[in-house]
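See structure below.
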Protein chains: 2
Amino acid sequence: MFAIEGVGAIDDTSDLVEVFLAALDAQGEEIHDHDVVAVTSKVVAKSEGRVVPFDGTEEAKIALVESESRRVLRRRGPLRITETHHGFICANAGIDLSNTADGTAVLLPVDPDRSARRFRADLRRQRGVDVGVVVTDTFGRVWRQGVTDVAIGAAGLRPIHDLRGSTDANGRILEATEVAVIDEIAGAVNLVLAKNAGTPFAIVRGLDDHFFGEGSIADNVVRRAHDDLFR
Amino acid sequence: MFAIEGVGAIDDTSDLVEVFLAALDAQGEEIHDHDVVAVTSKVVAKSEGRVVPFDGTEEAKIALVESESRRVLRRRGPLRITETHHGFICANAGIDLSNTADGTAVLLPVDPDRSARRFRADLRRQRGVDVGVVVTDTFGRVWRQGVTDVAIGAAGLRPIHDLRGSTDANGRILEATEVAVIDEIAGAVNLVLAKNAGTPFAIVRGLDDHFFGEGSIADNVVRRAHDDLFR
């Protein structure tokens with residue numbers, strides 16, 4: 001697992017895969033089949049033009065958050081916990097107000113799974129490699145302090161590993177154990193991505209073949225309302 | 001990051017550090033200063049005798065879960081989401097009904113931070129190394145499908161990295177960004193611990209010095225009720 005350094009500013013004129021490959025090459029690294037490329041949602045969003053004017057006031061923040069949400073779950077002061085149009089439940093609709101150019105805010109990508117699929121297809125076209133791609137963002141947790149990185153988009157990866165039906169070490173059938181490996185990958189990557197050092201890309205190498213396949217965050221990870229005890 | 005293989009069955013006659021060191025030595029590996037040793041809560045609990053009779057009935061399950069809880073947050077059929085005596089909020093009070101000897105269930109350790117501190121002190125005594133220790137368990141998430149491993153005990157590690165007050169790439173003060181690196185480590189470790197292969201130990205190597213220091217899960221990660229919007 002290692003970060004790709006030396007990536008410059010990204011905007012809506014940037015080709016994200018070209019930027020990634022240039023930095024990869026400059027670092028003297030190569031990309032291989034069954035590597036996973038992790039990319040932060042912020043640079044994906046910037047490359048897709050998801051940057052909006054933002055004057056820094058509380059009113060503007062709340063209006064922006066609510067316009068990016070399909071529902072507000074909780075309000076505390078200026079903080080909103082909302083369900084975004086994607087179905088993500090997070091603080092302030094995942095809108096990024098830090099590390100952005102003055103007077104702007106960065107929204108989430110419209111469809112992060114699609115962004116991941118496009119990145120993966122472009123990489124295959126340009127380098128002939130079959131990789132997994134994960135788009136990461138930083139979410140809080142309900143009952144634990146601190147934020148962690150999770151996956152908001154993925155391509156070429158099986159987000160959940162279903163151990164149901166496997167037998168345990170005593171030969172009995174395991175209880176429901178669907179492991180969200182995609183979020184464990186996203187969190188792991190954050191250990192090497194220094195938050196403020198301009199490194200939006202990392203590569204994870206050495207994952208077993210069964211990590212790779214079909215799946216998306218929208219289909220496999222976002223919990224449906226009818227399964228949800230806390231919405 | 002690698003698993004320590006070939007660990008046999010653990011019970012309340014096992015010295016967990018001796019078991020770990022025997023398996024480490026058998027694998028031809030060494031332990032170094034500023035390694036992190038991850039150990040699953042189940043073997044910690046077993047070594048501490050936290051195994052109780054369990055006849056497999058729904059009634060017994062519910063009674064056991066409620067006795068290990070200070071409060072029940074949600075009920076759905078036999079499922080309980082509760083707050084344990086530690087303050088963890090999770091399904092079924094974290095009690096493990098799989099991968100246990102027939103007719104038994106494994107409770108959480110009474111004080112997983114203390115278990116981690118003891119493991120760390122024993123390792124220092126036996127090998128003279130200054131390591132971090134994290135006790136991991138598998139929890140569900142409210143709004144995302146699938147479970148991930150998180151830290152329920154820690155020693156020698158700073159669970160949360162506080163980036164507040166840091167400046168971002170544009171020189172502005174970052175908003176509140178307390179990163180729960182301890183849970184990112186726990187989740188990462190789960191990528192190498194095959195669930196049903198009897199490998200309760202892993203070593204994480206190469207973390208920066210600032211990951212190490214004072215802290216505990218109870219003090220730094222468990223969210224206090226007054227901060228909690230969803231309890």
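Chain identifiers are assigned as A, B, and so on, following the order in which chains appear in the structure tokens; residues are numbered from 1 within each chain, and ligands are numbered from 1 in order of appearance.
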**OP:** Write out as a PyMOL selection string all residues of segment 10-155 of chain B that DSSP puts in alpha helix (DSSP H) for this structure's backbone.
**Re:** chain B and resi 16-26+41-47+58-67+112-127
Print the selection's residues with C-alpha atoms to a file, as a PDB file, in the first residue's frame.
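Written out: part.pdb:
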ATOM      1  CA  LEU B  16      -1.896 -15.254  25.071  1.00  0.00           C
ATOM      2  CA  VAL B  17       1.523 -13.641  24.735  1.00  0.00           C
ATOM      3  CA  GLU B  18       3.250 -17.019  24.942  1.00  0.00           C
ATOM      4  CA  VAL B  19       0.923 -18.397  22.270  1.00  0.00           C
ATOM      5  CA  PHE B  20       1.619 -15.372  20.088  1.00  0.00           C
ATOM      6  CA  LEU B  21       5.374 -15.569  20.513  1.00  0.00           C
ATOM      7  CA  ALA B  22       5.477 -19.316  19.834  1.00  0.00           C
ATOM      8  CA  ALA B  23       3.555 -18.836  16.571  1.00  0.00           C
ATOM      9  CA  LEU B  24       5.698 -15.819  15.653  1.00  0.00           C
ATOM     10  CA  ASP B  25       8.898 -17.757  16.224  1.00  0.00           C
ATOM     11  CA  ALA B  26       7.572 -20.803  14.340  1.00  0.00           C
ATOM     12  CA  SER B  41     -11.287  -9.998  20.835  1.00  0.00           C
ATOM     13  CA  LYS B  42     -12.492 -13.587  20.733  1.00  0.00           C
ATOM     14  CA  VAL B  43      -9.152 -15.101  21.723  1.00  0.00           C
ATOM     15  CA  VAL B  44      -8.624 -12.380  24.309  1.00  0.00           C
ATOM     16  CA  ALA B  45     -12.021 -13.225  25.792  1.00  0.00           C
ATOM     17  CA  LYS B  46     -11.355 -16.967  25.702  1.00  0.00           C
ATOM     18  CA  SER B  47      -7.983 -16.566  27.411  1.00  0.00           C
ATOM     19  CA  GLU B  58     -33.613 -17.664  21.118  1.00  0.00           C
ATOM     20  CA  GLU B  59     -34.668 -17.083  24.723  1.00  0.00           C
ATOM     21  CA  ALA B  60     -31.189 -17.869  26.026  1.00  0.00           C
ATOM     22  CA  LYS B  61     -29.640 -15.608  23.416  1.00  0.00           C
ATOM     23  CA  ILE B  62     -31.842 -12.671  24.326  1.00  0.00           C
ATOM     24  CA  ALA B  63     -31.304 -13.178  28.056  1.00  0.00           C
ATOM     25  CA  LEU B  64     -27.541 -13.342  27.570  1.00  0.00           C
ATOM     26  CA  VAL B  65     -27.478 -10.252  25.366  1.00  0.00           C
ATOM     27  CA  GLU B  66     -29.551  -8.230  27.802  1.00  0.00           C
ATOM     28  CA  SER B  67     -27.396  -9.289  30.768  1.00  0.00           C
ATOM     29  CA  PRO B 112     -10.398  -4.688  26.372  1.00  0.00           C
ATOM     30  CA  ASP B 113      -8.136  -1.672  26.923  1.00  0.00           C
ATOM     31  CA  ARG B 114      -6.750  -3.353  30.021  1.00  0.00           C
ATOM     32  CA  SER B 115      -6.309  -6.595  28.045  1.00  0.00           C
ATOM     33  CA  ALA B 116      -4.330  -4.649  25.449  1.00  0.00           C
ATOM     34  CA  ARG B 117      -2.199  -2.948  28.106  1.00  0.00           C
ATOM     35  CA  ARG B 118      -1.412  -6.293  29.705  1.00  0.00           C
ATOM     36  CA  PHE B 119      -0.475  -7.868  26.354  1.00  0.00           C
ATOM     37  CA  ARG B 120       1.788  -4.923  25.610  1.00  0.00           C
ATOM     38  CA  ALA B 121       3.466  -5.038  29.027  1.00  0.00           C
ATOM     39  CA  ASP B 122       4.030  -8.809  28.765  1.00  0.00           C
ATOM     40  CA  LEU B 123       5.574  -8.431  25.312  1.00  0.00           C
ATOM     41  CA  ARG B 124       7.885  -5.732  26.577  1.00  0.00           C
ATOM     42  CA  ARG B 125       8.882  -7.908  29.529  1.00  0.00           C
ATOM     43  CA  GLN B 126       9.560 -10.962  27.375  1.00  0.00           C
ATOM     44  CA  ARG B 127      11.136  -9.418  24.275  1.00  0.00           C
TER      45      ARG B 127
END
Original post:
Would you give me, as a PyMOL selection string, the residues in chain A that DSSP reads as strand (DSSP E)?
Top reply: chain A and resi 2-4+36-40+51-53+69-76+79-84+89-91+104-106+132-140+147-155+161-162+178-179+201-204
Original post:
Separation of atom CA of Thr100 of chain B and atom CA of Val51 of chain B, in Å?
Top reply: 8.8 Å
Subject >> Using only C-alpha atoms: which of A:Glu184, A:Asp162, A:Asp12, A:Asp130 has the shortest distance to Asp33 of chain A >> reply: A:Asp130
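When only C-alpha atoms are used to compute distances to Ile203 of chain A, the closest of the residues A:Val189, A:Ala105, A:Val181, A:Val110 turns out to be A:Val189.
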Original post:
Could you state the separation of atom CA of Leu163 of chain A and atom CA of Arg144 of chain B in Å, given to one decimal place?
Top reply: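 Interatomic distance, atom CA of Leu163 of chain A to atom CA of Arg144 of chain B: 17.1 Å.
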